[in-house]
$ cat upload.cif   # mmCIF, C-alpha atoms and all ligand atoms
data_target
loop_
_atom_site.label_atom_id
_atom_site.label_comp_id
_atom_site.auth_asym_id
_atom_site.auth_seq_id
_atom_site.Cartn_x
_atom_site.Cartn_y
_atom_site.Cartn_z
CA MET A 98 16.32 19.74 -26.75
CA LYS A 99 19.02 17.49 -25.33
CA LYS A 100 18.16 13.81 -25.11
CA PHE A 101 18.09 12.67 -21.49
CA GLN A 102 18.25 9.18 -20.21
CA LYS A 103 14.90 8.54 -18.59
CA ILE A 104 14.57 7.74 -14.93
CA PRO A 105 11.44 5.66 -14.27
CA LEU A 106 9.21 5.98 -11.23
CA ALA A 107 9.62 2.40 -10.08
CA MET A 108 11.29 -0.81 -11.15
CA PRO A 109 11.11 -4.33 -9.73
CA LEU A 110 14.32 -6.06 -8.64
CA ILE A 111 14.36 -9.28 -10.65
CA GLY A 112 17.51 -11.36 -10.66
CA ARG A 113 18.71 -14.66 -12.05
CA LYS A 114 17.23 -16.62 -9.14
CA GLU A 115 13.73 -15.31 -9.83
CA ILE A 116 14.03 -16.20 -13.49
CA SER A 117 15.33 -19.64 -12.68
CA VAL A 118 12.62 -20.49 -10.13
CA VAL A 119 9.82 -19.33 -12.44
CA THR A 120 11.36 -21.36 -15.28
CA LYS A 121 11.48 -24.36 -12.98
CA VAL A 122 7.75 -24.04 -12.31
CA LEU A 123 7.00 -23.72 -16.02
CA LYS A 124 9.02 -26.84 -16.73
CA SER A 125 7.34 -28.77 -13.91
CA GLY A 126 3.94 -28.53 -15.58
CA GLN A 127 2.23 -27.70 -12.26
CA LEU A 128 1.18 -24.11 -12.76
CA SER A 129 -1.40 -23.77 -10.01
CA LEU A 130 -2.02 -25.20 -6.52
CA GLY A 131 1.46 -26.63 -6.26
CA PRO A 132 4.27 -26.50 -3.71
CA TYR A 133 5.23 -22.83 -4.16
CA LYS A 134 1.93 -21.48 -2.88
CA LYS A 135 2.58 -23.24 0.45
CA LYS A 136 6.22 -22.20 0.48
CA PHE A 137 5.41 -18.56 -0.20
CA GLU A 138 2.67 -18.52 2.45
CA GLU A 139 4.91 -20.20 5.03
CA SER A 140 7.83 -17.87 4.51
CA PHE A 141 5.41 -14.95 4.67
CA THR A 142 4.02 -16.00 8.05
CA LYS A 143 7.59 -16.32 9.30
CA LEU A 144 8.37 -12.77 8.21
CA ILE A 145 5.21 -11.15 9.58
CA GLY A 146 4.73 -13.44 12.55
CA THR A 147 1.08 -14.32 12.01
CA LYS A 148 -0.24 -17.86 12.29
CA TYR A 149 -1.80 -17.90 8.83
CA ALA A 150 -1.32 -16.46 5.36
CA VAL A 151 -3.28 -16.99 2.15
CA ALA A 152 -1.77 -15.98 -1.18
CA VAL A 153 -4.26 -14.31 -3.53
CA ASN A 154 -4.10 -12.86 -7.02
CA SER A 155 -4.10 -9.16 -6.05
CA GLY A 156 -4.13 -6.83 -3.09
CA THR A 157 -7.66 -5.90 -4.06
CA SER A 158 -8.81 -9.54 -3.94
CA GLY A 159 -7.16 -9.84 -0.54
CA LEU A 160 -8.92 -6.77 0.78
CA HIS A 161 -12.21 -8.06 -0.57
CA LEU A 162 -11.78 -11.30 1.39
CA ALA A 163 -10.62 -9.44 4.50
CA VAL A 164 -13.77 -7.31 4.32
CA LYS A 165 -15.78 -10.54 3.82
CA CYS A 166 -14.55 -11.63 7.26
CA LEU A 167 -16.51 -8.71 8.74
CA GLY A 168 -19.82 -10.18 7.56
CA LEU A 169 -21.19 -6.73 6.69
CA LYS A 170 -24.89 -6.13 6.21
CA PRO A 171 -26.02 -3.61 3.60
CA GLY A 172 -25.36 -0.10 4.86
CA ASP A 173 -22.85 -1.13 7.53
CA GLU A 174 -20.02 1.36 7.84
CA VAL A 175 -16.27 0.93 7.81
CA ILE A 176 -14.05 3.86 8.76
CA THR A 177 -11.00 4.36 6.56
CA SER A 178 -8.68 6.93 4.99
CA PRO A 179 -9.43 9.01 1.91
CA PHE A 180 -5.71 9.46 1.24
CA SER A 181 -5.18 6.09 -0.39
CA PHE A 182 -5.47 4.04 -3.51
CA VAL A 183 -9.07 3.35 -4.45
CA ALA A 184 -8.57 -0.40 -3.79
CA SER A 185 -8.70 0.14 -0.03
CA SER A 186 -12.28 1.42 0.14
CA ASN A 187 -13.76 -0.28 -2.96
CA PRO A 188 -14.04 -3.72 -1.28
CA ILE A 189 -16.27 -2.18 1.40
CA ILE A 190 -18.61 -1.16 -1.42
CA PHE A 191 -18.36 -4.63 -3.06
CA GLU A 192 -19.95 -5.92 0.15
CA GLN A 193 -22.72 -3.25 0.20
CA GLY A 194 -21.02 -1.45 3.04
CA LYS A 195 -20.32 2.25 3.24
CA PRO A 196 -16.79 3.60 3.49
CA VAL A 197 -16.73 6.45 5.97
CA PHE A 198 -13.63 8.57 5.65
CA VAL A 199 -11.75 10.46 8.32
CA ASP A 200 -9.23 13.17 7.57
CA ILE A 201 -5.52 12.48 7.78
CA ASP A 202 -2.63 13.68 9.88
CA GLU A 203 -0.70 16.40 8.10
CA LYS A 204 2.69 14.92 8.95
CA THR A 205 2.26 11.16 8.43
CA TYR A 206 -0.60 11.31 5.86
CA ASN A 207 -2.24 8.45 7.78
CA MET A 208 -5.76 8.55 9.19
CA ASN A 209 -5.98 10.89 12.17
CA PRO A 210 -7.00 8.67 15.12
CA GLU A 211 -8.48 11.61 17.00
CA LEU A 212 -11.19 11.98 14.38
CA ILE A 213 -12.40 8.38 14.44
CA GLU A 214 -14.62 8.57 17.50
CA ASP A 215 -16.81 11.31 16.04
CA THR A 216 -17.59 9.32 12.91
CA ILE A 217 -18.76 6.20 14.74
CA THR A 218 -22.49 5.49 14.40
CA GLU A 219 -24.66 2.50 15.30
CA LYS A 220 -23.86 1.16 11.83
CA THR A 221 -20.08 1.20 12.25
CA ARG A 222 -18.59 -2.29 12.18
CA ALA A 223 -14.89 -1.80 11.56
CA ILE A 224 -11.90 0.47 11.11
CA MET A 225 -9.57 -0.01 8.15
CA PRO A 226 -6.29 1.81 8.73
CA VAL A 227 -4.13 2.17 5.60
CA HIS A 228 -0.40 2.35 6.34
CA ILE A 229 0.27 4.85 3.63
CA PHE A 230 3.59 4.92 1.77
CA GLY A 231 4.86 2.25 4.18
CA GLN A 232 4.53 4.20 7.42
CA PRO A 233 2.29 2.40 9.93
CA CYS A 234 -0.68 4.28 11.34
CA ASP A 235 -0.72 5.32 14.98
CA MET A 236 -2.13 1.95 16.04
CA ASP A 237 -2.44 2.41 19.83
CA PRO A 238 -5.30 4.92 19.72
CA ILE A 239 -6.88 3.14 16.74
CA MET A 240 -6.95 -0.21 18.58
CA GLU A 241 -8.18 1.50 21.74
CA THR A 242 -11.09 3.12 19.93
CA ALA A 243 -11.89 -0.15 18.18
CA GLU A 244 -11.96 -2.06 21.46
CA LYS A 245 -14.02 0.58 23.21
CA HIS A 246 -16.71 0.44 20.51
CA ASN A 247 -16.41 -3.26 19.76
CA LEU A 248 -15.25 -2.72 16.18
CA SER A 249 -13.06 -5.02 14.09
CA VAL A 250 -9.86 -3.79 12.50
CA ILE A 251 -8.73 -4.70 8.99
CA GLU A 252 -5.31 -3.35 8.00
CA ASP A 253 -4.58 -2.28 4.46
CA ALA A 254 -0.89 -3.09 4.70
CA CYS A 255 -0.48 -3.20 0.92
CA GLU A 256 2.24 -0.54 1.00
CA SER A 257 3.95 -1.53 4.21
CA LEU A 258 5.66 -4.91 3.96
CA GLY A 259 8.13 -5.21 6.83
CA ALA A 260 7.10 -1.98 8.55
CA GLU A 261 6.75 -1.88 12.34
CA TYR A 262 4.83 0.14 14.90
CA LYS A 263 6.44 0.22 18.36
CA GLY A 264 8.36 -2.93 17.50
CA ARG A 265 5.33 -4.82 16.24
CA LYS A 266 4.92 -5.70 12.56
CA ALA A 267 2.31 -3.95 10.44
CA GLY A 268 -0.28 -6.56 9.56
CA THR A 269 -0.44 -8.13 13.02
CA PHE A 270 -2.95 -5.77 14.63
CA GLY A 271 -6.12 -6.49 12.72
CA LEU A 272 -8.54 -9.38 12.44
CA ALA A 273 -7.01 -9.75 8.97
CA SER A 274 -4.47 -7.69 7.06
CA VAL A 275 -3.50 -7.50 3.44
CA PHE A 276 -0.24 -7.04 1.54
CA ALA A 277 0.16 -6.47 -2.20
CA PHE A 278 2.78 -7.39 -4.79
CA TYR A 279 2.11 -5.24 -7.83
CA PRO A 280 5.47 -4.47 -9.56
CA ASN A 281 5.97 -1.13 -7.79
CA LYS A 282 5.66 -2.64 -4.30
CA GLN A 283 8.58 -3.67 -2.09
CA ILE A 284 8.41 -7.20 -3.51
CA THR A 285 6.48 -8.31 -6.55
CA THR A 286 4.74 -11.37 -7.96
CA GLY A 287 3.52 -9.48 -11.05
CA GLU A 288 -0.01 -9.24 -9.74
CA GLY A 289 -0.60 -10.67 -6.30
CA GLY A 290 -1.44 -10.23 -2.66
CA MET A 291 -1.44 -11.94 0.73
CA VAL A 292 -4.02 -12.03 3.50
CA VAL A 293 -2.57 -12.66 6.95
CA THR A 294 -4.38 -13.39 10.19
CA ASN A 295 -4.04 -15.03 13.58
CA ASN A 296 -7.72 -15.91 13.59
CA GLU A 297 -8.49 -19.48 12.55
CA ARG A 298 -12.06 -18.72 11.48
CA ALA A 299 -10.92 -15.81 9.29
CA TYR A 300 -8.16 -17.96 7.81
CA LYS A 301 -10.53 -20.76 6.88
CA LEU A 302 -13.04 -18.36 5.40
CA VAL A 303 -10.41 -16.54 3.32
CA ALA A 304 -8.83 -19.80 2.14
CA SER A 305 -12.21 -21.17 1.10
CA LEU A 306 -13.51 -17.97 -0.54
CA SER A 307 -10.29 -17.56 -2.51
CA ASN A 308 -10.75 -21.11 -3.82
CA GLN A 309 -14.33 -21.10 -5.17
CA GLY A 310 -15.92 -21.59 -1.75
CA ARG A 311 -14.58 -25.11 -1.43
CA SER A 312 -14.89 -26.89 1.89
CA ASP A 313 -11.90 -26.97 4.27
CA ASP A 314 -10.85 -30.39 3.03
CA GLY A 315 -10.43 -28.82 -0.43
CA ALA A 316 -12.43 -31.56 -2.13
CA TRP A 317 -12.54 -30.44 -5.72
CA LEU A 318 -16.29 -30.38 -6.27
CA ASN A 319 -17.59 -29.63 -2.83
CA HIS A 320 -18.61 -25.97 -2.61
CA VAL A 321 -19.98 -24.88 0.74
CA ARG A 322 -20.24 -21.15 0.03
CA ILE A 323 -20.29 -18.81 -2.96
CA GLY A 324 -16.63 -18.12 -3.49
CA TYR A 325 -14.24 -16.62 -5.98
CA ASN A 326 -11.20 -17.65 -7.93
CA TYR A 327 -8.67 -15.40 -6.23
CA ARG A 328 -5.86 -17.99 -6.23
CA LEU A 329 -2.28 -16.96 -6.92
CA ASP A 330 -0.69 -19.19 -9.56
CA GLU A 331 2.55 -21.12 -9.06
CA MET A 332 4.73 -18.86 -11.24
CA SER A 333 3.73 -15.89 -9.11
CA CYS A 334 4.11 -17.79 -5.84
CA ALA A 335 7.59 -18.97 -6.83
CA LEU A 336 8.53 -15.42 -7.78
CA GLY A 337 7.22 -14.10 -4.47
CA PHE A 338 8.98 -16.84 -2.51
CA GLU A 339 12.29 -15.90 -4.14
CA GLN A 340 11.71 -12.15 -3.73
CA LEU A 341 10.94 -12.58 -0.06
CA LYS A 342 14.43 -13.98 0.53
CA LYS A 343 15.81 -10.55 -0.36
CA ILE A 344 13.40 -8.51 1.71
CA ARG A 345 16.00 -7.38 4.25
CA TYR A 346 18.30 -6.16 1.48
CA ILE A 347 15.42 -4.46 -0.33
CA LEU A 348 14.20 -2.61 2.74
CA LYS A 349 17.72 -1.56 3.70
CA LYS A 350 18.44 -0.23 0.22
CA ARG A 351 15.15 1.62 0.02
CA GLY A 352 15.84 3.17 3.42
CA GLU A 353 19.25 4.35 2.23
CA ILE A 354 17.85 5.91 -0.94
CA ALA A 355 15.16 7.71 1.06
CA LYS A 356 17.83 9.04 3.40
CA LYS A 357 19.88 10.39 0.50
CA TYR A 358 16.84 12.09 -0.97
CA THR A 359 15.90 13.67 2.34
CA LYS A 360 19.43 14.89 2.98
CA LYS A 361 19.51 16.78 -0.32
CA LEU A 362 15.90 17.87 -0.60
CA SER A 363 15.45 19.17 2.92
CA LYS A 364 17.87 21.97 2.02
CA ILE A 365 15.62 23.25 -0.76
CA ASP A 366 13.24 26.03 0.19
CA GLY A 367 9.58 25.11 -0.21
CA ILE A 368 10.00 21.34 -0.16
CA ILE A 369 8.57 19.32 2.69
CA THR A 370 10.35 15.97 2.95
CA PRO A 371 8.67 12.87 4.44
CA TYR A 372 8.15 12.82 8.17
CA VAL A 373 8.90 9.57 9.96
CA SER A 374 7.33 9.02 13.36
CA ARG A 375 9.67 7.85 16.12
CA ASP A 376 7.21 5.05 16.87
CA VAL A 377 7.70 3.31 13.55
CA LYS A 378 10.09 1.41 11.40
CA HIS A 379 9.25 2.77 7.97
CA SER A 380 9.13 0.41 5.01
CA TRP A 381 9.64 2.83 2.12
CA PHE A 382 7.09 2.18 -0.62
CA VAL A 383 7.44 5.49 -2.44
CA TYR A 384 9.42 8.65 -1.79
CA SER A 385 7.02 11.55 -1.74
CA VAL A 386 7.67 15.26 -1.35
CA ARG A 387 5.23 18.02 -0.64
CA PHE A 388 5.49 21.64 -1.74
CA ASP A 389 4.49 24.70 0.24
CA GLU A 390 2.08 27.28 -1.20
CA SER A 391 4.86 29.14 -3.03
CA ILE A 392 5.38 26.29 -5.48
CA ASN A 393 3.23 25.09 -8.38
CA ARG A 394 3.28 21.29 -8.15
CA ASP A 395 2.08 20.66 -11.69
CA ALA A 396 4.72 22.96 -13.15
CA VAL A 397 7.40 20.99 -11.29
CA MET A 398 5.94 17.78 -12.61
CA HIS A 399 5.95 18.94 -16.22
CA TYR A 400 9.46 20.31 -15.96
CA LEU A 401 10.74 17.00 -14.59
CA GLU A 402 8.90 15.09 -17.26
CA GLY A 403 10.56 17.25 -19.91
CA HIS A 404 13.90 16.34 -18.38
CA GLY A 405 13.25 12.61 -18.48
CA ILE A 406 12.26 12.16 -14.85
CA ALA A 407 9.04 10.34 -14.09
CA THR A 408 6.91 11.60 -11.20
CA ARG A 409 3.27 11.25 -10.22
CA PRO A 410 0.89 13.24 -8.05
CA TYR A 411 0.09 10.76 -5.31
CA PHE A 412 -2.68 10.41 -4.32
CA TYR A 413 -4.43 12.89 -6.53
CA PRO A 414 -7.35 13.01 -6.64
CA ALA A 415 -7.86 11.45 -3.22
CA VAL A 416 -10.39 8.61 -3.07
CA HIS A 417 -13.41 10.69 -2.05
CA MET A 418 -12.68 13.08 -4.96
CA GLN A 419 -12.69 10.34 -7.58
CA PRO A 420 -15.63 10.85 -9.97
CA ILE A 421 -17.44 7.69 -8.85
CA TYR A 422 -17.09 8.49 -5.14
CA ARG A 423 -18.11 12.13 -5.55
CA GLY A 424 -21.22 10.96 -7.33
CA MET A 425 -22.11 8.23 -4.86
CA PHE A 426 -21.50 10.14 -1.66
CA ASN A 427 -21.80 13.81 -2.64
CA TYR A 428 -18.35 14.94 -1.63
CA ASN A 429 -17.53 18.46 -2.69
CA GLY A 430 -13.82 18.99 -2.21
CA SER A 431 -13.84 20.55 1.25
CA ASP A 432 -14.80 17.49 3.25
CA PHE A 433 -11.32 16.45 4.37
CA PRO A 434 -9.21 19.61 4.23
CA VAL A 435 -5.89 18.10 5.29
CA CYS A 436 -6.20 15.26 2.82
CA GLU A 437 -7.16 17.65 0.03
CA LYS A 438 -4.26 19.95 0.81
CA VAL A 439 -1.72 17.11 0.90
CA SER A 440 -3.22 15.54 -2.21
CA LYS A 441 -2.88 18.79 -4.17
CA SER A 442 0.68 19.52 -3.14
CA SER A 443 2.54 16.23 -3.22
CA LEU A 444 4.51 14.33 -5.78
CA ILE A 445 6.29 11.00 -5.74
CA LEU A 446 9.79 10.80 -7.17
CA PRO A 447 11.64 7.94 -8.89
CA PHE A 448 12.32 5.31 -6.25
CA PHE A 449 13.71 1.79 -6.73
CA VAL A 450 16.46 -0.38 -5.29
CA GLN A 451 18.73 -0.14 -8.33
CA MET A 452 18.78 3.67 -8.22
CA SER A 453 22.30 5.03 -8.38
CA THR A 454 23.57 7.96 -6.35
CA SER A 455 24.02 9.94 -9.55
CA GLN A 456 20.40 9.31 -10.50
CA ILE A 457 19.27 10.51 -7.08
CA GLU A 458 21.46 13.60 -7.49
CA ARG A 459 20.05 14.27 -10.94
CA VAL A 460 16.48 14.10 -9.65
CA CYS A 461 17.30 16.50 -6.81
CA ARG A 462 19.21 18.92 -9.03
CA THR A 463 16.46 18.96 -11.65
CA LEU A 464 13.84 19.45 -8.97
CA GLU A 465 15.76 22.42 -7.62
CA ASN A 466 16.06 23.89 -11.12
CA ALA A 467 12.36 23.34 -11.71
CA ILE A 468 11.52 25.32 -8.61
CA SER A 469 13.78 28.25 -9.44
CA GLU A 470 12.97 28.35 -13.16
CA VAL A 471 9.29 27.65 -13.55
CA ALA A 472 7.44 26.71 -10.45
CA LYS A 473 7.48 29.75 -8.15
CA LYS A 474 3.94 31.06 -7.97
C1 LIG B 501 -1.31 -1.51 -4.06
C2 LIG B 501 -2.38 -1.18 -3.12
C3 LIG B 501 -3.50 -1.99 -2.97
C4 LIG B 501 -3.72 -3.26 -3.78
O1 LIG B 501 -3.61 -3.08 -5.12
P1 LIG B 501 -3.56 -4.30 -6.18
O2 LIG B 501 -3.15 -3.60 -7.42
O3 LIG B 501 -4.92 -4.87 -6.24
O4 LIG B 501 -2.56 -5.30 -5.71
C5 LIG B 501 -4.43 -1.66 -2.01
N1 LIG B 501 -4.28 -0.58 -1.23
C6 LIG B 501 -3.23 0.25 -1.35
C7 LIG B 501 -3.12 1.42 -0.44
C8 LIG B 501 -2.25 0.00 -2.31
O5 LIG B 501 -1.20 0.82 -2.44
#
$ encode --input "upload.cif" --output "structure tokens" --more "lines below"
Ligand SMILES: *Cc1c(COP(=O)(O)O)cnc(C)c1O
Amino acid sequence: MKKFQKIPLAMPLIGRKEISVVTKVLKSGQLSLGPYKKKFEESFTKLIGTKYAVAVNSGTSGLHLAVKCLGLKPGDEVITSPFSFVASSNPIIFEQGKPVFVDIDEKTYNMNPELIEDTITEKTRAIMPVHIFGQPCDMDPIMETAEKHNLSVIEDACESLGAEYKGRKAGTFGLASVFAFYPNKQITTGEGGMVVTNNERAYKLVASLSNQGRSDDGAWLNHVRIGYNYRLDEMSCALGFEQLKKIRYILKKRGEIAKKYTKKLSKIDGIITPYVSRDVKHSWFVYSVRFDESINRDAVMHYLEGHGIATRPYFYPAVHMQPIYRGMFNYNGSDFPVCEKVSKSSLILPFFVQMSTSQIERVCRTLENAISEVAKK
């Protein structure tokens, strides 16, 4: 077989400035709790427009602390989406709560707001919308339902840095919201995350819990609650601070690549390209396609792999179909039909800022060949 140059699924955009700022931190000798944590947090609040931000060492840590702000009691319920990464619902379980899933909208893949009301019980404390793939959820009805039933909202904004809903930034709706900086996200710190909030009490709690439960004055050996070490180190904060300066460029580029993909792929029979609601400014996290019933998704995937193109079924299995969730909550695979259908028929394609037009064309051409050669059911 011919040797193909591989096209990866994702790739961070690391330039000379990132390398130089991280080197500067290393040379300074101050590798934690230094000036870059503050700088990164401050520039983040400027971008999102919240009063507060706390840098943490992963999106999962951030979500854990955001859920902590709810003060759940054992058995309390939080409504969220099954079409997500497992890190969105796991923190509810860390805190002895119960994630209660609602099915998704077939076009946006986000939680279907119309289904929330029916899942509310006397144990429901909060709603956790996940802005999947960088497209904000339909927040008006979600906030309305939350207000009506006196529920808090925590946004999993880990995939949606810079996205907007009706002109308002994702991450500004909830009591607390969380962003993530794993290397495949819009910006990266290696591992890392950020909790944002406008609520002073939530801010103080998150700041303290992320720093071993220290008191507000940060006195080194004064622990007023049982906390964690979820701090983001200075190398990561410096990297994030530098990456954030390029966010406009990154989002613009990602938008352009998505547009090129859609232009080519929407002409291919059987492919459903991403839908973008008119209410949102999409922050492209991944580029996902869905196949209609005539196409075998796994055959497409294997064909592309054989031609040096990385893809991944995303999210498959959905959260409720993960072995641990099935076992804990007795899901059987027909609980959330839209989610299950989308999960079984979608694939994410290579997607990163440095992608060239010829790489995009090669992915599209190979995808088309896959469908005509091997994947028709
Ligand atoms: C990336 C991501 C997270 C956080 O993941 P970490 O690897 O812990 O940073 C949480 N939720 C969703 C939906 C994500 O995509």
$ closest_atom_pairs --input "upload.cif" --of "chain A" --to "ligand LIG 501 (chain B)" --cutoff "8 Å" --atoms "only C-alpha atoms and all ligand atoms" --output "CSV"
residue,atom,partner,partner_atom,distance
A:Asn154,CA,B:LIG501,O4,7.8
A:Ser155,CA,B:LIG501,O4,4.2
A:Gly156,CA,B:LIG501,O4,3.4
A:Thr157,CA,B:LIG501,O3,3.6
A:Ser158,CA,B:LIG501,O3,6.5
A:Gly159,CA,B:LIG501,O3,7.9
A:Leu160,CA,B:LIG501,C5,7.4
A:Ser181,CA,B:LIG501,C7,5.1
A:Phe182,CA,B:LIG501,C7,4.7
A:Val183,CA,B:LIG501,N1,7.0
A:Ala184,CA,B:LIG501,C5,4.7
A:Ser185,CA,B:LIG501,N1,4.6
A:Val227,CA,B:LIG501,C7,6.2
A:His228,CA,B:LIG501,C7,7.4
A:Ile229,CA,B:LIG501,C7,6.3
A:Phe230,CA,B:LIG501,O5,7.6
A:Asp253,CA,B:LIG501,N1,5.9
A:Ala254,CA,B:LIG501,C7,7.2
A:Cys255,CA,B:LIG501,C8,4.9
A:Glu256,CA,B:LIG501,O5,5.1
A:Phe276,CA,B:LIG501,C4,7.4
A:Ala277,CA,B:LIG501,O4,4.6
A:Phe278,CA,B:LIG501,O4,5.8
A:Tyr279,CA,B:LIG501,O4,5.1
A:Lys282,CA,B:LIG501,C1,7.1
A:Glu288,CA,B:LIG501,O4,6.2
A:Gly289,CA,B:LIG501,O4,5.7
A:Gly290,CA,B:LIG501,O4,5.9
$ write_last_selection --input "upload.cif" --atoms "C-alpha atoms" --output "PDB file, in the frame of the given file"
ATOM      1  CA  ASN A 154      -4.100 -12.860  -7.020  1.00  0.00           C
ATOM      2  CA  SER A 155      -4.100  -9.160  -6.050  1.00  0.00           C
ATOM      3  CA  GLY A 156      -4.130  -6.830  -3.090  1.00  0.00           C
ATOM      4  CA  THR A 157      -7.660  -5.900  -4.060  1.00  0.00           C
ATOM      5  CA  SER A 158      -8.810  -9.540  -3.940  1.00  0.00           C
ATOM      6  CA  GLY A 159      -7.160  -9.840  -0.540  1.00  0.00           C
ATOM      7  CA  LEU A 160      -8.920  -6.770   0.780  1.00  0.00           C
ATOM      8  CA  SER A 181      -5.180   6.090  -0.390  1.00  0.00           C
ATOM      9  CA  PHE A 182      -5.470   4.040  -3.510  1.00  0.00           C
ATOM     10  CA  VAL A 183      -9.070   3.350  -4.450  1.00  0.00           C
ATOM     11  CA  ALA A 184      -8.570  -0.400  -3.790  1.00  0.00           C
ATOM     12  CA  SER A 185      -8.700   0.140  -0.030  1.00  0.00           C
ATOM     13  CA  VAL A 227      -4.130   2.170   5.600  1.00  0.00           C
ATOM     14  CA  HIS A 228      -0.400   2.350   6.340  1.00  0.00           C
ATOM     15  CA  ILE A 229       0.270   4.850   3.630  1.00  0.00           C
ATOM     16  CA  PHE A 230       3.590   4.920   1.770  1.00  0.00           C
ATOM     17  CA  ASP A 253      -4.580  -2.280   4.460  1.00  0.00           C
ATOM     18  CA  ALA A 254      -0.890  -3.090   4.700  1.00  0.00           C
ATOM     19  CA  CYS A 255      -0.480  -3.200   0.920  1.00  0.00           C
ATOM     20  CA  GLU A 256       2.240  -0.540   1.000  1.00  0.00           C
ATOM     21  CA  PHE A 276      -0.240  -7.040   1.540  1.00  0.00           C
ATOM     22  CA  ALA A 277       0.160  -6.470  -2.200  1.00  0.00           C
ATOM     23  CA  PHE A 278       2.780  -7.390  -4.790  1.00  0.00           C
ATOM     24  CA  TYR A 279       2.110  -5.240  -7.830  1.00  0.00           C
ATOM     25  CA  LYS A 282       5.660  -2.640  -4.300  1.00  0.00           C
ATOM     26  CA  GLU A 288      -0.010  -9.240  -9.740  1.00  0.00           C
ATOM     27  CA  GLY A 289      -0.600 -10.670  -6.300  1.00  0.00           C
ATOM     28  CA  GLY A 290      -1.440 -10.230  -2.660  1.00  0.00           C
TER      29      GLY A 290
END
$ atom_distance --input "upload.cif" --atom1 "atom CA of A:Ile365" --atom2 "atom CA of A:Leu464"
9.2 Å
$ atom_distance --input "upload.cif" --atom1 "atom CA of A:Leu110" --atom2 "atom CA of A:Glu353"
15.8 Å
$ closest_residue --input "upload.cif" --among "A:Leu106, A:Val460, A:Val377, A:Ala467" --to "A:Asp237" --atoms "all atoms listed in the file"
A:Val377
$ residues_near_point --input "upload.cif" --point "(-21.6, 7.1, -5.1)" --cutoff "12 Å" --atoms "only C-alpha atoms" --output "VMD selection string"
chain A and resid 187 190 193 to 196 416 to 428
$ atom_distance --input "upload.cif" --atom1 "atom CA of A:Asp235" --atom2 "atom CA of A:Glu390"
27.4 Å
$ residues_near_point --input "upload.cif" --point "(3.4, 11.1, -13.1)" --cutoff "10 Å" --atoms "only C-alpha atoms" --output "list in words"
Pro105, Leu106, Asp395, Met398, His399, Leu401, Glu402, Ile406, Ala407, Thr408, Arg409, Pro410, Tyr411, Leu444, Ile445, Leu446 and Pro447 of chain A
$ closest_residue --input "upload.cif" --among "A:Thr286, A:Thr359, A:Thr142, A:Ser186" --to "A:Tyr372" --atoms "all atoms listed in the file"
A:Thr359
$ closest_residue --input "upload.cif" --among "A:His379, A:Ile213, A:Lys357, A:Glu174" --to "A:Gln456" --atoms "only C-alpha atoms"
A:Lys357
$ residues_around --input "upload.cif" --residues "A:Val303" --least-positions-apart "2" --cutoff "9 Å" --atoms "all atoms listed in the file" --output "list of chain:residue names"
A:Val151, A:Gly159, A:Leu162, A:Ala163, A:Lys165, A:Cys166, A:Val292, A:Arg298, A:Ala299, A:Tyr300, A:Lys301, A:Ser305, A:Leu306, A:Ser307, A:Asn308
$ residues_around --input "upload.cif" --residues "A:Ile145" --least-positions-apart "2" --cutoff "12 Å" --atoms "all atoms listed in the file" --output "ChimeraX atom specification"
/A:138-143,147-150,254,257-261,264-270,274-276,291-295,341,344
$ closest_residue --input "upload.cif" --among "A:His161, A:Asp432, A:Tyr384, A:Arg345" --to "A:Phe198" --atoms "all atoms listed in the file"
A:Asp432
$ residues_around --input "upload.cif" --residues "A:Arg322" --least-positions-apart "6" --cutoff "8 Å" --atoms "all atoms listed in the file" --output "PDB file with C-alpha atoms, in the frame of the given file"
ATOM      1  CA  LEU A 306     -13.510 -17.970  -0.540  1.00  0.00           C
ATOM      2  CA  GLN A 309     -14.330 -21.100  -5.170  1.00  0.00           C
ATOM      3  CA  GLY A 310     -15.920 -21.590  -1.750  1.00  0.00           C
ATOM      4  CA  ARG A 311     -14.580 -25.110  -1.430  1.00  0.00           C
TER       5      ARG A 311
END
$ closest_residue --input "upload.cif" --among "A:Val153, A:Val383, A:Val122, A:Ile354" --to "A:Ile457" --atoms "only C-alpha atoms"
A:Ile354
